[in-house]
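To be precise, the following lines are start16.csv, and they hold CSV, C-alpha atoms.
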chain,number,residue,atom,x,y,z
A,1,MET,CA,7.5,-8.8,-9.9
A,2,GLY,CA,8.1,-5.2,-10.9
A,3,TYR,CA,6.4,-2.9,-13.4
A,4,GLU,CA,7.6,-2.4,-16.9
A,5,GLY,CA,7.2,0.7,-18.8
A,6,VAL,CA,6.0,4.0,-17.5
A,7,ARG,CA,4.6,4.3,-14.0
A,8,MET,CA,1.4,6.2,-13.6
A,9,PHE,CA,-0.9,7.0,-10.7
A,10,PRO,CA,-4.5,6.5,-11.5
A,11,SER,CA,-5.8,9.9,-12.6
A,12,THR,CA,-9.1,9.4,-10.8
A,13,SER,CA,-7.3,9.5,-7.5
A,14,LEU,CA,-6.3,13.1,-7.9
A,15,SER,CA,-9.8,14.2,-8.5
A,16,LEU,CA,-10.8,13.1,-5.0
A,17,GLY,CA,-9.1,15.9,-3.3
A,18,ALA,CA,-11.6,18.7,-3.7
A,19,GLU,CA,-13.4,18.1,-0.5
A,20,ALA,CA,-10.4,17.3,1.7
A,21,ARG,CA,-8.5,19.7,3.8
A,22,SER,CA,-5.2,20.9,2.5
A,23,THR,CA,-2.3,18.5,3.2
A,24,PRO,CA,1.3,18.5,2.1
A,25,LEU,CA,0.4,15.5,-0.1
A,26,ASP,CA,-1.8,17.7,-2.3
A,27,ASP,CA,1.3,18.6,-4.3
A,28,LEU,CA,2.0,15.0,-5.1
A,29,GLU,CA,4.5,15.7,-7.8
A,30,ASN,CA,6.7,17.8,-5.5
A,31,VAL,CA,6.3,15.2,-2.7
A,32,VAL,CA,7.4,12.4,-5.0
A,33,ALA,CA,10.4,14.5,-6.3
A,34,LEU,CA,11.5,15.1,-2.7
A,35,TYR,CA,11.0,11.8,-1.1
A,36,GLN,CA,11.0,9.1,-3.7
A,37,PRO,CA,14.8,8.7,-3.6
A,38,ARG,CA,14.7,8.3,0.1
A,39,VAL,CA,11.9,5.8,0.2
A,40,PHE,CA,13.4,3.9,-2.7
A,41,ARG,CA,16.8,3.8,-1.0
A,42,PHE,CA,15.3,2.5,2.3
A,43,LEU,CA,13.3,-0.2,0.5
A,44,LEU,CA,16.2,-1.2,-1.7
A,45,ALA,CA,18.4,-1.7,1.3
A,46,THR,CA,15.7,-3.5,3.2
A,47,LEU,CA,14.4,-5.8,0.4
A,48,ARG,CA,17.6,-6.0,-1.7
A,49,ASP,CA,15.5,-6.4,-4.8
A,50,ARG,CA,15.3,-3.5,-7.3
A,51,ASP,CA,12.0,-4.3,-8.8
A,52,ALA,CA,10.3,-5.0,-5.5
A,53,ALA,CA,11.8,-1.8,-4.1
A,54,GLU,CA,10.3,0.2,-6.9
A,55,THR,CA,7.0,-1.5,-6.7
A,56,LEU,CA,6.7,-0.8,-3.0
A,57,THR,CA,8.0,2.7,-3.4
A,58,GLN,CA,5.1,3.4,-5.8
A,59,GLU,CA,2.7,1.6,-3.4
A,60,THR,CA,4.0,3.8,-0.6
A,61,PHE,CA,3.1,7.0,-2.4
A,62,LEU,CA,-0.2,5.6,-3.5
A,63,ARG,CA,-1.1,4.6,0.0
A,64,ALA,CA,0.0,7.9,1.3
A,65,TRP,CA,-2.1,9.7,-1.2
A,66,SER,CA,-5.1,7.6,-0.4
A,67,ALA,CA,-4.7,8.1,3.3
A,68,ARG,CA,-3.6,11.7,3.2
A,69,ALA,CA,-6.7,12.8,5.1
A,70,SER,CA,-5.4,10.8,8.1
A,71,PHE,CA,-2.0,12.6,8.0
A,72,ARG,CA,-2.3,14.8,11.1
A,73,GLU,CA,1.3,16.2,10.8
A,74,ASP,CA,2.1,14.7,14.2
A,75,CYS,CA,5.4,13.7,12.6
A,76,SER,CA,7.2,14.9,9.5
A,77,LEU,CA,6.0,13.7,6.1
A,78,ALA,CA,9.3,11.8,5.6
A,79,THR,CA,8.7,9.9,8.8
A,80,TRP,CA,5.1,9.1,7.8
A,81,LEU,CA,6.2,7.9,4.3
A,82,ILE,CA,8.9,5.8,5.8
A,83,ARG,CA,6.5,4.3,8.2
A,84,ILE,CA,4.2,3.3,5.3
A,85,ALA,CA,7.2,1.9,3.4
A,86,LEU,CA,8.3,-0.1,6.4
A,87,ASN,CA,4.9,-1.6,6.9
A,88,LEU,CA,4.7,-2.5,3.2
A,89,ALA,CA,8.1,-4.1,3.3
A,90,ARG,CA,7.2,-6.1,6.4
A,91,ASP,CA,4.0,-7.4,4.8
A,92,HIS,CA,6.0,-8.2,1.6
A,93,THR,CA,8.7,-10.1,3.3
A,94,ARG,CA,6.3,-12.2,5.3
A,95,THR,CA,5.1,-14.0,2.3
A,96,GLY,CA,6.8,-17.2,1.1
A,97,ARG,CA,6.6,-15.9,-2.4
A,98,PHE,CA,9.0,-13.1,-1.5
A,99,ARG,CA,11.5,-15.7,-0.1
A,100,PHE,CA,11.2,-17.7,-3.2
A,101,TRP,CA,11.7,-14.8,-5.6
A,102,LYS,CA,14.5,-13.5,-3.5
A,103,ARG,CA,16.5,-16.6,-4.3
A,104,VAL,CA,15.7,-16.6,-8.0
A,105,SER,CA,15.0,-13.0,-8.8
A,106,ALA,CA,17.2,-11.4,-11.5
A,107,SER,CA,16.6,-8.0,-9.9
A,108,ALA,CA,18.2,-9.0,-6.6
A,109,VAL,CA,20.9,-6.6,-5.6
A,110,ASP,CA,24.5,-7.8,-5.9
A,111,VAL,CA,26.7,-6.7,-3.1
A,112,ALA,CA,29.5,-6.0,-5.5
A,113,ASP,CA,27.2,-3.6,-7.4
A,114,VAL,CA,26.7,-1.6,-4.2
A,115,ALA,CA,30.4,-1.7,-3.2
A,116,ALA,CA,31.3,-0.4,-6.7
A,117,PHE,CA,29.6,2.9,-5.7
A,118,VAL,CA,32.0,3.7,-2.9
A,119,PRO,CA,33.0,7.3,-3.2
A,120,THR,CA,36.5,8.0,-4.2
A,121,ARG,CA,38.3,9.9,-1.5
A,122,ASP,CA,41.8,8.6,-1.7
A,123,GLY,CA,43.5,8.2,-5.1
A,124,SER,CA,45.2,4.9,-4.2
A,125,ALA,CA,43.7,1.8,-5.6
A,126,GLU,CA,44.4,-0.1,-2.4
A,127,ALA,CA,42.4,2.4,-0.3
A,128,GLN,CA,39.5,2.1,-2.7
A,129,LEU,CA,39.7,-1.6,-2.6
A,130,ILE,CA,39.6,-1.6,1.2
A,131,ALA,CA,36.7,0.8,1.2
A,132,GLN,CA,34.8,-1.5,-1.2
A,133,GLN,CA,35.5,-4.4,1.0
A,134,GLN,CA,34.3,-2.6,4.1
A,135,VAL,CA,31.0,-1.7,2.4
A,136,ALA,CA,30.5,-5.2,1.2
A,137,GLY,CA,31.1,-6.4,4.7
A,138,ILE,CA,28.6,-4.1,6.2
A,139,TRP,CA,26.1,-4.9,3.5
A,140,GLU,CA,26.4,-8.6,4.2
A,141,SER,CA,26.3,-8.1,7.9
A,142,VAL,CA,23.1,-6.1,7.6
A,143,ALA,CA,21.6,-8.9,5.5
A,144,ARG,CA,22.1,-11.3,8.4
A,145,LEU,CA,20.3,-9.2,10.9
A,146,SER,CA,16.8,-9.9,11.9
A,147,SER,CA,14.2,-7.9,10.0
A,148,ARG,CA,13.5,-5.6,13.0
A,149,GLN,CA,17.2,-5.0,13.7
A,150,ARG,CA,17.9,-4.4,10.1
A,151,SER,CA,15.1,-1.9,9.8
A,152,ILE,CA,16.2,0.0,12.9
A,153,PHE,CA,19.8,-0.1,11.8
A,154,LEU,CA,18.9,1.3,8.4
A,155,LEU,CA,16.7,3.9,9.8
A,156,ARG,CA,19.4,5.1,12.1
A,157,PHE,CA,22.5,4.8,9.9
A,158,MET,CA,21.2,5.1,6.4
A,159,GLU,CA,18.2,7.5,6.9
A,160,GLU,CA,20.0,9.2,9.9
A,161,MET,CA,16.8,9.3,11.9
A,162,GLU,CA,16.9,10.0,15.6
A,163,ILE,CA,15.9,7.4,18.1
A,164,PRO,CA,12.5,9.0,18.9
A,165,GLU,CA,11.8,9.2,15.2
A,166,ILE,CA,12.6,5.6,14.7
A,167,ALA,CA,10.3,4.7,17.6
A,168,THR,CA,7.5,6.6,15.8
A,169,VAL,CA,8.2,4.8,12.6
A,170,THR,CA,8.4,1.4,14.1
A,171,GLY,CA,5.8,1.9,16.8
A,172,LEU,CA,8.2,0.5,19.3
A,173,PRO,CA,9.1,2.0,22.7
A,174,LEU,CA,12.4,3.9,22.9
A,175,GLY,CA,14.1,1.3,25.0
A,176,THR,CA,13.2,-1.5,22.6
A,177,VAL,CA,14.5,0.5,19.7
A,178,LYS,CA,17.8,1.1,21.4
A,179,SER,CA,18.0,-2.5,22.5
A,180,HIS,CA,17.6,-3.7,18.9
A,181,LEU,CA,20.0,-1.0,17.6
A,182,TYR,CA,22.7,-2.1,20.1
A,183,ARG,CA,22.3,-5.7,19.1
A,184,ALA,CA,22.5,-4.9,15.5
A,185,LEU,CA,25.6,-2.8,16.1
A,186,ALA,CA,27.2,-5.6,18.1
A,187,ALA,CA,26.6,-8.1,15.3
A,188,ILE,CA,27.9,-5.7,12.7
A,189,ARG,CA,30.9,-4.8,14.8
A,190,ALA,CA,31.8,-8.4,15.3
A,191,GLN,CA,31.5,-9.1,11.6
A,192,HIS,CA,33.5,-6.0,10.9
A,193,ASN,CA,36.3,-6.9,13.3
A,194,THR,CA,36.4,-10.5,11.9
A,195,HIS,CA,36.3,-9.8,8.2
A,196,GLY,CA,37.0,-6.1,7.9
A,197,ALA,CA,40.6,-6.6,7.0
A,198,THR,CA,40.0,-9.2,4.4
A,199,PRO,CA,40.1,-7.6,1.0
A,200,ARG,CA,37.6,-8.7,-1.6
A,201,ASN,CA,38.0,-8.0,-5.2
A,202,PRO,CA,35.1,-6.3,-6.8
A,203,THR,CA,33.6,-8.1,-9.8
A,204,PRO,CA,34.6,-6.9,-13.2
A,205,ARG,CA,30.9,-6.1,-13.9
A,206,SER,CA,30.8,-3.8,-10.8
A,207,ALA,CA,34.0,-2.0,-11.6
A,208,ALA,CA,32.9,-1.5,-15.2
A,209,ARG,CA,29.5,-0.2,-14.1
A,210,ARG,CA,31.1,2.2,-11.6
A,211,ASP,CA,33.5,3.5,-14.2
A,212,ALA,CA,30.6,4.1,-16.6
A,213,THR,CA,28.7,6.0,-14.0
A,214,THR,CA,31.7,8.1,-13.2
A,215,LYS,CA,32.2,9.0,-16.8
A,216,GLU,CA,28.5,9.9,-17.2
A,217,THR,CA,28.6,12.2,-14.2
A,218,GLN,CA,31.7,13.8,-15.4
B,1,MET,CA,22.6,-6.6,26.2
B,2,THR,CA,25.8,-7.6,24.5
B,3,PRO,CA,28.6,-8.9,26.7
B,4,GLN,CA,31.5,-6.7,27.6
B,5,LEU,CA,34.4,-6.9,25.3
B,6,ARG,CA,37.4,-8.4,27.0
B,7,THR,CA,41.0,-7.8,26.1
B,8,GLU,CA,41.6,-11.3,24.6
B,9,GLU,CA,38.7,-10.7,22.3
B,10,LEU,CA,40.3,-7.6,21.0
B,11,ALA,CA,43.7,-9.2,20.5
B,12,GLY,CA,44.8,-9.0,16.9
B,13,GLN,CA,42.2,-6.4,15.9
B,14,PRO,CA,43.1,-3.1,14.4
B,15,GLY,CA,44.0,-0.5,16.9
B,16,GLY,CA,44.7,-2.9,19.6
B,17,GLY,CA,48.1,-1.6,20.5
B,18,SER,CA,47.3,0.1,23.7
B,19,ALA,CA,45.3,-2.8,25.2
B,20,SER,CA,46.8,-4.4,28.2
B,21,PRO,CA,45.9,-7.7,29.8
B,22,GLY,CA,43.0,-7.4,32.2
B,23,GLU,CA,42.0,-4.0,31.0
B,24,ASN,CA,38.2,-3.6,30.4
B,25,HIS,CA,37.0,-2.0,27.2
B,26,LEU,CA,33.8,-0.6,26.1
B,27,THR,CA,30.7,-2.7,26.6
B,28,GLY,CA,28.4,-3.4,23.8
B,29,GLU,CA,25.9,-0.9,25.1
B,30,GLN,CA,28.5,1.8,25.5
B,31,PHE,CA,29.8,1.1,22.0
B,32,GLY,CA,26.2,1.2,20.7
B,33,GLU,CA,25.6,4.5,22.5
B,34,LEU,CA,28.7,6.0,21.1
B,35,MET,CA,27.9,4.8,17.6
B,36,ALA,CA,24.2,5.6,17.7
B,37,GLY,CA,24.8,8.9,19.4
B,38,THR,CA,22.0,8.4,21.9
B,39,THR,CA,22.1,11.3,24.3
B,40,GLU,CA,20.1,10.0,27.3
B,41,ALA,CA,23.2,8.8,29.1
B,42,VAL,CA,25.3,11.8,28.6
B,43,GLY,CA,25.7,12.4,32.3
B,44,GLY,CA,26.6,8.8,33.1
B,45,GLU,CA,27.6,5.9,30.9
B,46,LEU,CA,28.3,8.0,27.9
B,47,ALA,CA,30.7,10.3,29.7
B,48,LEU,CA,32.5,7.2,31.0
B,49,ALA,CA,32.7,5.7,27.6
B,50,GLU,CA,34.0,8.9,26.1
B,51,ALA,CA,36.6,9.1,28.8
B,52,HIS,CA,37.6,5.6,28.0
B,53,LEU,CA,38.0,6.5,24.4
B,54,GLN,CA,40.4,9.2,25.3
B,55,ALA,CA,42.6,6.7,27.0
B,56,CYS,CA,42.2,3.6,24.9
B,57,GLU,CA,43.6,3.8,21.4
B,58,GLN,CA,42.2,0.3,20.6
B,59,CYS,CA,38.6,1.2,21.3
B,60,ALA,CA,38.9,4.6,19.6
B,61,ALA,CA,40.4,3.0,16.5
B,62,GLU,CA,37.7,0.3,16.4
B,63,LEU,CA,35.0,2.9,16.8
B,64,ALA,CA,36.5,5.1,14.1
B,65,SER,CA,36.8,2.1,11.8
B,66,LEU,CA,33.2,1.0,12.2
B,67,ARG,CA,32.0,4.6,11.8
B,68,GLU,CA,33.9,5.0,8.6
B,69,ALA,CA,32.6,1.7,7.2
B,70,ILE,CA,29.1,2.6,8.0
B,71,THR,CA,29.5,6.0,6.5
B,72,LEU,CA,30.9,4.4,3.3
B,73,PHE,CA,28.0,1.9,3.4
B,74,ARG,CA,25.5,4.8,3.5
B,75,GLU,CA,27.1,6.7,0.8
B,76,ALA,CA,27.6,3.8,-1.5
B,77,SER,CA,24.0,2.6,-0.9
B,78,SER,CA,22.6,6.0,-1.6
B,79,ALA,CA,24.7,6.4,-4.8
B,80,TYR,CA,23.6,3.0,-5.9
B,81,ALA,CA,19.9,3.7,-5.2
B,82,ASN,CA,20.1,7.0,-6.9
B,83,GLU,CA,21.7,5.5,-10.0
B,84,GLU,CA,19.2,2.7,-10.0
B,85,LEU,CA,16.3,5.2,-9.8
B,86,ARG,CA,17.8,7.4,-12.5
B,87,ARG,CA,17.9,4.5,-14.9
B,88,ARG,CA,14.2,3.6,-14.3
B,89,PRO,CA,11.4,5.5,-16.1
B,90,ARG,CA,10.0,8.4,-14.3
B,91,TRP,CA,6.5,8.2,-13.0
B,92,ILE,CA,4.0,10.2,-14.9
B,93,LEU,CA,1.7,11.9,-12.5
B,94,PRO,CA,-1.5,13.5,-13.6
B,95,GLU,CA,-1.5,17.3,-13.5
B,96,ARG,CA,-2.7,18.7,-10.3
B,97,ARG,CA,-6.2,20.1,-10.5
B,98,SER,CA,-6.4,23.4,-8.7
B,99,TYR,CA,-9.7,24.0,-7.1
B,100,SER,CA,-10.0,27.7,-6.7
B,101,ARG,CA,-12.3,28.8,-4.0
B,102,SER,CA,-13.8,31.5,-6.3
B,103,LEU,CA,-14.9,28.7,-8.6
B,104,MET,CA,-16.6,26.7,-6.0
B,105,PRO,CA,-20.0,28.5,-6.2
B,106,ALA,CA,-20.0,27.9,-9.9
B,107,TYR,CA,-19.6,24.2,-9.3
B,108,TRP,CA,-22.6,24.3,-6.9
B,109,VAL,CA,-24.7,26.3,-9.3
B,110,ALA,CA,-23.9,23.8,-12.1
B,111,ALA,CA,-24.8,20.9,-9.8
B,112,ALA,CA,-28.1,22.5,-8.8
B,113,ALA,CA,-28.9,23.2,-12.5
B,114,MET,CA,-28.2,19.6,-13.4
B,115,PHE,CA,-30.4,18.5,-10.5
B,116,LEU,CA,-33.3,20.6,-11.5
B,117,THR,CA,-32.9,19.6,-15.1
B,118,ALA,CA,-33.1,16.0,-14.0
B,119,LEU,CA,-36.1,16.8,-11.8
B,120,PHE,CA,-38.2,18.5,-14.5
B,121,PRO,CA,-38.9,15.4,-16.6
B,122,LEU,CA,-39.8,13.5,-13.5
B,123,GLN,CA,-42.5,16.1,-12.6
B,124,VAL,CA,-43.9,16.0,-16.1
B,125,LEU,CA,-44.0,12.2,-16.0
B,126,ARG,CA,-45.7,12.4,-12.6
B,127,ARG,CA,-48.5,14.7,-14.0
B,128,HIS,CA,-48.8,12.5,-17.0
B,129,ASN,CA,-49.3,9.5,-14.8
B,130,ALA,CA,-52.2,11.2,-12.8
B,131,HIS,CA,-54.8,10.5,-15.6
B,132,PRO,CA,-54.0,6.9,-16.2
B,133,GLN,CA,-54.8,6.4,-12.5
B,134,ALA,CA,-58.4,7.7,-12.9
B,135,THR,CA,-58.8,5.5,-16.0
B,136,ALA,CA,-57.5,2.7,-14.0
B,137,VAL,CA,-60.2,3.2,-11.5
B,138,VAL,CA,-62.9,3.0,-14.2
B,139,ALA,CA,-61.1,0.1,-15.7
B,140,SER,CA,-60.9,-1.7,-12.5
B,141,SER,CA,-64.7,-1.2,-11.9
B,142,THR,CA,-65.7,-2.5,-15.3
B,143,PRO,CA,-64.2,-5.9,-14.8
B,144,ALA,CA,-66.2,-6.2,-11.5
B,145,SER,CA,-69.6,-5.8,-13.2
B,146,THR,CA,-68.4,-8.1,-15.9
B,147,ALA,CA,-67.6,-10.6,-13.3
B,148,GLN,CA,-71.0,-10.3,-11.7
B,149,SER,CA,-72.8,-10.9,-15.1
B,150,ASP,CA,-70.5,-13.8,-15.7
B,151,GLU,CA,-71.5,-15.3,-12.4
B,152,ALA,CA,-75.2,-14.8,-13.2
B,153,LEU,CA,-74.6,-16.4,-16.6
B,154,LEU,CA,-72.9,-19.3,-15.0
B,155,GLU,CA,-75.7,-19.8,-12.6
B,156,ASP,CA,-78.2,-19.8,-15.5
B,157,VAL,CA,-76.1,-22.3,-17.3
B,158,ASN,CA,-75.8,-24.5,-14.2
B,159,SER,CA,-79.5,-24.3,-13.6
B,160,GLU,CA,-80.1,-25.3,-17.3
B,161,ILE,CA,-77.7,-28.2,-17.0
B,162,SER,CA,-79.1,-29.3,-13.7
B,163,ALA,CA,-82.6,-29.3,-15.0
B,164,SER,CA,-83.9,-32.8,-16.0
B,165,VAL,CA,-85.3,-31.4,-19.2
B,166,PRO,CA,-84.0,-28.4,-21.0
B,167,THR,CA,-86.4,-25.6,-21.4
B,168,SER,CA,-86.2,-25.8,-25.2
B,169,MET,CA,-87.0,-29.5,-25.1
B,170,GLN,CA,-89.8,-29.1,-22.5
B,171,ALA,CA,-92.5,-29.7,-25.2
B,172,LEU,CA,-91.1,-33.1,-26.0
B,173,ALA,CA,-90.5,-34.1,-22.4
B,174,ASP,CA,-93.9,-36.0,-22.0
B,175,PRO,CA,-95.4,-37.2,-25.3
B,176,SER,CA,-98.5,-38.7,-23.5
B,177,ASP,CA,-99.4,-35.3,-22.2
B,178,ASP,CA,-99.2,-33.9,-25.6
B,179,ALA,CA,-101.2,-36.9,-27.0
B,180,SER,CA,-104.0,-36.5,-24.5
B,181,THR,CA,-103.9,-32.8,-25.0
B,182,ALA,CA,-104.0,-33.5,-28.7
B,183,SER,CA,-106.8,-36.1,-28.3
B,184,ILE,CA,-108.7,-33.7,-26.1
B,185,SER,CA,-108.3,-31.0,-28.6
B,186,THR,CA,-109.2,-33.5,-31.3
B,187,SER,CA,-112.2,-34.8,-29.5
B,188,ASP,CA,-113.2,-31.3,-28.7
B,189,SER,CA,-113.1,-30.4,-32.4
B,190,THR,CA,-114.9,-33.6,-33.3
B,191,SER,CA,-117.6,-33.0,-30.8
B,192,ASN,CA,-117.9,-29.5,-32.0
B,193,GLN,CA,-118.2,-30.8,-35.5
B,194,ARG,CA,-121.0,-33.3,-34.4
B,195,LYS,CA,-122.7,-30.5,-32.7
B,196,ASP,CA,-122.5,-28.6,-35.9
Give the structure from the file, written as structure tokens.
Amino acid sequence: MGYEGVRMFPSTSLSLGAEARSTPLDDLENVVALYQPRVFRFLLATLRDRDAAETLTQETFLRAWSARASFREDCSLATWLIRIALNLARDHTRTGRFRFWKRVSASAVDVADVAAFVPTRDGSAEAQLIAQQQVAGIWESVARLSSRQRSIFLLRFMEEMEIPEIATVTGLPLGTVKSHLYRALAAIRAQHNTHGATPRNPTPRSAARRDATTKETQ
Amino acid sequence: MTPQLRTEELAGQPGGGSASPGENHLTGEQFGELMAGTTEAVGGELALAEAHLQACEQCAAELASLREAITLFREASSAYANEELRRRPRWILPERRSYSRSLMPAYWVAAAAMFLTALFPLQVLRRHNAHPQATAVVASSTPASTAQSDEALLEDVNSEISASVPTSMQALADPSDDASTASISTSDSTSNQRKD
């Protein structure tokens, strides 16, 4: 599903830019450095598959580069990139192949892996455990949302986009965006109230991974 | 639109200490507006919701708890994604080619030179092809005369074939004529001899 080895854009694509007008995407290296983490994060939370997220992240920048002449700067570059990523993710999840691979893929994201990255604010182990349990609960609740509700929820609360910006990305009217967002929040709120107090132990693998990462960063 | 939360639905939830039976809490839409921070209803619904939050410890605690959980979710997801991205190989992008405007005329001159260079052999070839055309006219006329002579020859052959006796065999066609001619000539010679 994903790529192995070093990723590379086709070198011929860059040579096409001589006749085009200047766009922010001309400096592709800088654009990738700035927006790749954001696009990848959104796709990872949407698809919950690491390889698929990276594949579509690369595809996002490739499509953006190919269509850079059509970027009129009506919206920010980040909004434009996320819109491309969302369309790619939508097309990707429509296929039955995606649903099959989602079940069997080795690169599917484990909720415990994500919960293991909860930032440490309180020194107590209990508070950390509760925080991990809350993150796992939200992660699972988001997974149960419809694809549209999930996208809008992630755009608002993960990418911290404003409602008009989300409307631009999704191509939906403002009222529809708000309606989907409120429904998503209602579902997550219900799940949070029901299961929020139930502690769940992180898997040993997740805890070990988080500890290793903490040591690396230190 | 999500249904309005009722007191009994909130019973047993964190922060439910100030709820009293029959008291209305935030509706789903109000909760969503507060969570999402939508600003369109500031003068109306949102102001009411915020006023309710001031008075209702239960709704305030629930809102704070959900906000905290979502914040943790965002931070953990971001950290996880960054870590995942860091472990993956970096993309190698080709170096950006800078197209300086001062170099653009040079590109055009080079392109024009290449065009002319490609055009020159074509012109030479065209001139070279002019003579073969004239020769071709002559060559094309020659086969025409040849064709005429061929037809005449064929007509001759046909007339020869269609003739009952070929010209070369004409002398043998009627032996009686030759005999009489011969006898005439013989008699003539005989008579001449007698006269002699």
How many Å lie between atom CA of B:Ala76 and atom CA of A:Ala116, rounded to one decimal?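 For atom CA of B:Ala76 relative to atom CA of A:Ala116, the distance reads 7.6 Å.
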Pairwise distance for atom CA of B:Ala49 and atom CA of A:Ala187, rounded to one decimal in Å: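 Computed distance, atom CA of B:Ala49 to atom CA of A:Ala187, equals 19.5 Å.
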If we count only C-alpha atoms, what is near B:Arg74 at a cut-off of 9 Å, once residues fewer than 3 positions away on the same chain are taken out, given as a PyMOL selection string? (chain A and resi 135+154+157-159) or (chain B and resi 69-71+77-79)
Check: which chain B residues lie within 7 Å of chain A using all atoms listed in the file, as a ChimeraX atom specification: /B:2,13,28-29,32,66,69-70,72-82,89-94,99
Closest of A:Thr170, A:Thr55, A:Ser147, A:Gln191 to A:Ile84, counting only C-alpha atoms, is A:Thr170
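Each of B:His25, B:Met169, B:Glu50, B:Thr146 was checked against B:Gly37 using only C-alpha atoms; the smallest atom-to-atom distance is that of B:Glu50.
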List the spatial neighbours of A:Leu81 as a ChimeraX atom specification - criterion: any atom at most 10 Å away, only C-alpha atoms, same-chain residues fewer than 6 positions off excluded. /A:35-36,38-39,57,60-61,63-64,87,169
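For the atom pair formed by atom CA of A:Gly171 and atom CA of A:Ser146, the distance is 16.9 Å, given to one decimal.
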Do you know which residues are at most 12 Å from B:His52 counting only C-alpha atoms, after dropping those on the same chain fewer than 3 positions away, and could you put them as a list in words?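 Those residues are Ser18, Ala19, Glu23, Asn24, His25, Leu26, Thr27, Gln30, Phe31, Leu34, Glu45, Leu46, Ala47, Leu48, Ala49, Ala55, Cys56, Glu57, Gln58, Cys59, Ala60 and Leu63 of chain B.
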